[in-house]
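*Asks:* Can you read through this structure? Questions will come right after.
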Amino acid sequence: MAINKRGREGVRRRDVLTLAEGLIGAVSLGACFTATPSHAAPIAFTEAQCGDKSLADRKILVAYASKYGSTGGVADAIGQTLCGKGATVDVRLMKNVRNLEAYQGVVLGAPVYMGKWLPEAADFVKQNAEALGRVPLACFVVCMLLHEPTPDNMAKALAYLDPVLKAAPLLKPVGVGAFAGALDYGNLSWATKKIMQSKAQPEGDFRDWKAIHAWAEASPLAK
Ligand SMILES: Cc1cc2nc3c(=O)[nH]c(=O)nc-3n(C[C@H](O)[C@H](O)[C@H](O)COP(=O)(O)O)c2cc1C
């Protein structure tokens, strides 16, 4: 659309300031979900193996996605419980999983960010739906909503999986779980921290190891 001379002249100082503020806002909003502060401690993403490799008839993959590592701790605890039940378990970041052929069962987990299961996890489900449909599958969610583990919050947390499973209608998980996660403000950019504080998101590690082990132990994959 052409802008005539009068229109250009009509742009007043206040409009320019509003535009500048908008741009700064857009840039900082973009930055707030990507940038991490320079003082942030290095984040560990657990990958592990347990169980007797020679008994490869019950090999289970626990694959997870994560931004700040807390979901890896949950995945590892689930893996250890399944090993305690006689399975051989690989705990892997989803992005490092190359094929699912070797496994007789799969557990997939990811945290919730901005009301959604981490998109890379949702993509993993879609891209591997056929292979996942051939083995017993369990899925879990990690989120801060469950720092108050009321029945209502549990229902809301499990519902984060609904769109993911709707996009892969042939998958019928043998189990779904939801667990409280951990939030370290030290990992977040200044802007993200301010947003989380304004929403009164509590900081801390709320992972309930007893609940996580109990869920894994009760899972059909543990049988
Ligand atoms: C920017 C941001 C957005 C988040 N959004 C949600 C949310 O919508 N719902 C929720 O319950 N938890 C939310 N959380 C909490 C995370 O799900 C929780 O901290 C989780 O343990 C992070 O997992 P990770 O350490 O594996 O990345 C959010 C955390 C951050 C930092």
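Naming scheme: A, B, ... for chains in displayed order of the structure tokens; residues 1 onward per chain; ligands 1 onward as shown.
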Using only C-alpha atoms and all ligand atoms, which residues have at least one atom no more than 6 Å from ligand 1? Output them as a compact mmCIF listing (two decimals) with N, CA and C atoms, in the first residue's frame.
*Replies:*
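The result, stored in part-v4.txt:
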# COMPACT_ATOMS: atom_id res chain seq x y z
N SER A 66 13.26 -31.74 27.57
CA SER A 66 13.42 -30.86 28.73
C SER A 66 14.15 -29.59 28.32
N LYS A 67 13.86 -28.50 29.03
CA LYS A 67 14.64 -27.28 28.81
C LYS A 67 15.68 -27.10 29.89
N TYR A 68 15.30 -27.39 31.13
CA TYR A 68 16.19 -27.08 32.25
C TYR A 68 16.57 -28.30 33.09
N GLY A 69 16.26 -29.50 32.61
CA GLY A 69 16.81 -30.71 33.24
C GLY A 69 15.93 -31.41 34.25
N SER A 70 14.92 -30.75 34.81
CA SER A 70 14.18 -31.41 35.90
C SER A 70 13.42 -32.65 35.42
N THR A 71 12.98 -32.64 34.17
CA THR A 71 12.24 -33.81 33.64
C THR A 71 13.18 -35.01 33.52
N PRO A 111 8.03 -31.66 29.96
CA PRO A 111 7.41 -30.63 30.80
C PRO A 111 6.40 -29.79 30.01
N VAL A 112 5.65 -29.02 30.76
CA VAL A 112 4.69 -28.09 30.15
C VAL A 112 5.30 -26.69 30.17
N TYR A 113 5.26 -26.04 29.01
CA TYR A 113 5.68 -24.63 28.91
C TYR A 113 4.56 -23.86 28.24
N MET A 114 4.15 -22.78 28.88
CA MET A 114 3.09 -21.92 28.36
C MET A 114 1.86 -22.75 27.95
N GLY A 115 1.48 -23.66 28.83
CA GLY A 115 0.25 -24.42 28.62
C GLY A 115 0.35 -25.55 27.62
N VAL A 142 5.35 -33.14 33.19
CA VAL A 142 5.95 -32.50 34.37
C VAL A 142 5.55 -31.03 34.33
N CYS A 143 5.03 -30.51 35.42
CA CYS A 143 4.57 -29.12 35.40
C CYS A 143 4.52 -28.54 36.81
N MET A 144 4.48 -27.22 36.86
CA MET A 144 4.45 -26.58 38.17
C MET A 144 3.04 -26.47 38.74
N LEU A 145 2.07 -26.64 37.88
CA LEU A 145 0.68 -26.64 38.36
C LEU A 145 0.53 -27.60 39.53
N GLY A 181 7.07 -30.38 38.95
CA GLY A 181 8.44 -30.21 38.45
C GLY A 181 9.27 -29.33 39.35
N ALA A 182 10.23 -28.68 38.74
CA ALA A 182 11.13 -27.79 39.49
C ALA A 182 11.33 -26.52 38.68
N LEU A 183 11.43 -25.42 39.37
CA LEU A 183 11.63 -24.14 38.70
C LEU A 183 12.72 -23.38 39.44
*Asks:* Would you kindly return, as number ranges by chain, each protein, DNA or RNA residue with an atom no farther than 12 Å from any atom of Asp162 of chain A, considering only C-alpha atoms and excluding same-chain residues fewer than 6 positions away?
*Replies:* A: 115-117, 122, 139-141, 155-156, 168-169, 171-173, 176
*Asks:* Quick one: residues within 8 Å of Ala222 of chain A, only C-alpha atoms counted, chain neighbours fewer than 6 positions away excluded, as a PyMOL selection string?
*Replies:* chain A and resi 82+85-87+216
*Asks:* Can you spit out the residues from that selection as an mmCIF file, in the first residue's frame, using C-alpha atoms?
*Replies:*
data_model
loop_
_atom_site.group_PDB
_atom_site.id
_atom_site.type_symbol
_atom_site.label_atom_id
_atom_site.label_comp_id
_atom_site.auth_asym_id
_atom_site.auth_seq_id
_atom_site.Cartn_x
_atom_site.Cartn_y
_atom_site.Cartn_z
ATOM 1 C CA LEU A 82 11.431 -50.228 36.041
ATOM 2 C CA LYS A 85 11.170 -54.642 38.399
ATOM 3 C CA GLY A 86 13.466 -56.635 36.117
ATOM 4 C CA ALA A 87 13.473 -54.532 32.943
ATOM 5 C CA ALA A 216 6.275 -46.385 37.619
#
*Asks:* Name the residues in contact with Leu132 of chain A at a cut-off of 12 Å, using only C-alpha atoms, excluding same-chain residues fewer than 2 positions from it; report them as a PyMOL selection string.
*Replies:* chain A and resi 60-61+63+99-108+124-130+134-139+165+168-174
*Asks:* In Å, with one decimal, what is the gap from atom CA of Arg58 of chain A to atom CA of Lys223 of chain A?
*Replies:*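 For atom CA of Arg58 of chain A relative to atom CA of Lys223 of chain A, the distance reads 9.8 Å.
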*Asks:* At a cut-off of 7 Å, using only C-alpha atoms, what residues contact Val91 of chain A? Leave out same-chain residues fewer than 6 positions from it and give the result as a list of chain:residue names.
*Replies:*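 Near neighbours after the sequence-gap exclusion: A:Glu47, A:Ala48, A:Gln49, A:Leu61, A:Val62, A:Ala63, A:Ala75, A:Asp76, A:Gly79.
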*Asks:* For the selection just defined, write its residues with N, CA, C and O atoms to a file, as a tab-separated table (two decimals), in the first residue's frame.
*Replies:*
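Contents of the output file part05.tsv:
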chain	number	residue	atom	x	y	z
A	47	GLU	N	21.25	-39.00	31.04
A	47	GLU	CA	21.03	-40.15	30.16
A	47	GLU	C	21.67	-41.33	30.88
A	47	GLU	O	22.78	-41.20	31.42
A	48	ALA	N	20.99	-42.45	30.91
A	48	ALA	CA	21.49	-43.57	31.72
A	48	ALA	C	20.99	-44.90	31.17
A	48	ALA	O	20.08	-44.94	30.33
A	49	GLN	N	21.60	-45.94	31.68
A	49	GLN	CA	21.22	-47.32	31.31
A	49	GLN	C	21.22	-48.13	32.59
A	49	GLN	O	22.09	-47.93	33.43
A	61	LEU	N	12.46	-48.13	26.80
A	61	LEU	CA	13.04	-46.81	26.59
A	61	LEU	C	12.25	-45.78	27.40
A	61	LEU	O	11.02	-45.73	27.30
A	62	VAL	N	12.95	-45.00	28.20
A	62	VAL	CA	12.32	-43.84	28.85
A	62	VAL	C	12.93	-42.61	28.17
A	62	VAL	O	14.10	-42.29	28.39
A	63	ALA	N	12.17	-41.99	27.29
A	63	ALA	CA	12.68	-40.85	26.52
A	63	ALA	C	11.99	-39.57	26.99
A	63	ALA	O	10.79	-39.57	27.26
A	75	ALA	N	12.52	-38.81	34.64
A	75	ALA	CA	12.71	-39.94	33.71
A	75	ALA	C	13.66	-40.97	34.33
A	75	ALA	O	13.43	-42.18	34.25
A	76	ASP	N	14.72	-40.48	34.96
A	76	ASP	CA	15.70	-41.38	35.57
A	76	ASP	C	15.08	-42.18	36.72
A	76	ASP	O	15.32	-43.38	36.84
A	79	GLY	N	13.00	-44.84	35.24
A	79	GLY	CA	13.88	-45.88	34.70
A	79	GLY	C	14.40	-46.80	35.80
A	79	GLY	O	14.39	-48.02	35.67
*Asks:* May I ask which of the residues A:Thr192, A:Gln201, A:Asn96, A:Thr81 is the closest one to Ala214 of chain A, counting only C-alpha atoms?
*Replies:*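 When distances to Ala214 of chain A are compared using only C-alpha atoms, the smallest one comes from A:Thr81.
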*Asks:* Enumerate as a VMD selection string all residues of segment 41-155 of chain A assigned to strand (DSSP E or B) by DSSP on the backbone, naming them with the chain letters and numbers the document uses.
*Replies:* chain A and resid 48 to 50 59 to 64 88 to 93 105 to 113 116 to 117 137 to 143
*Asks:* Give me, please, the distance in Å between atom CA of Ala41 of chain A and atom CA of Asp90 of chain A, quoted to one decimal.
*Replies:*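 Rounded to one decimal, the two atoms are 26.1 Å apart.
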*Asks:* Can you list, as JSON, numbers by chain, every residue of segment 3-221 of chain A that DSSP puts in alpha helix (DSSP H)?
*Replies:* {"A": [5, 6, 7, 8, 9, 13, 14, 15, 16, 17, 18, 19, 20, 21, 22, 23, 24, 25, 26, 27, 28, 29, 30, 31, 32, 70, 71, 72, 73, 74, 75, 76, 77, 78, 79, 80, 81, 82, 83, 84, 119, 120, 121, 122, 123, 124, 125, 126, 127, 129, 130, 131, 132, 151, 152, 153, 154, 155, 156, 157, 158, 159, 162, 163, 164, 165, 166, 190, 191, 192, 193, 194, 195, 196, 197, 198, 209, 210, 211, 212, 213, 214, 215, 216, 217, 218]}
*Asks:* For a test of reading the model, state the distance in Å between atom CA of Asp57 of chain A and atom CA of Ala77 of chain A, rounded to one decimal.
*Replies:*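 Those two atoms sit 21.3 Å apart.
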*Asks:* Using only C-alpha atoms, which of the listed residues (A:Ala191, A:Leu146, A:Val74, A:Pro42) sits closest to Lys210 of chain A?
*Replies:*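 The answer is A:Val74, which sits nearest to Lys210 of chain A.
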*Asks:* Nearest to Leu158 of chain A among A:Trp209, A:Tyr64, A:Trp215, A:Phe179, with distances taken over only C-alpha atoms: which residue is it?
*Replies:* A:Phe179
*Asks:* Determine the nearest neighbour of Ala157 of chain A from the options A:Met196, A:Ala110, A:Val89, A:Ala65, counting only C-alpha atoms.
*Replies:*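 Closest to Ala157 of chain A, using only C-alpha atoms: A:Ala110.
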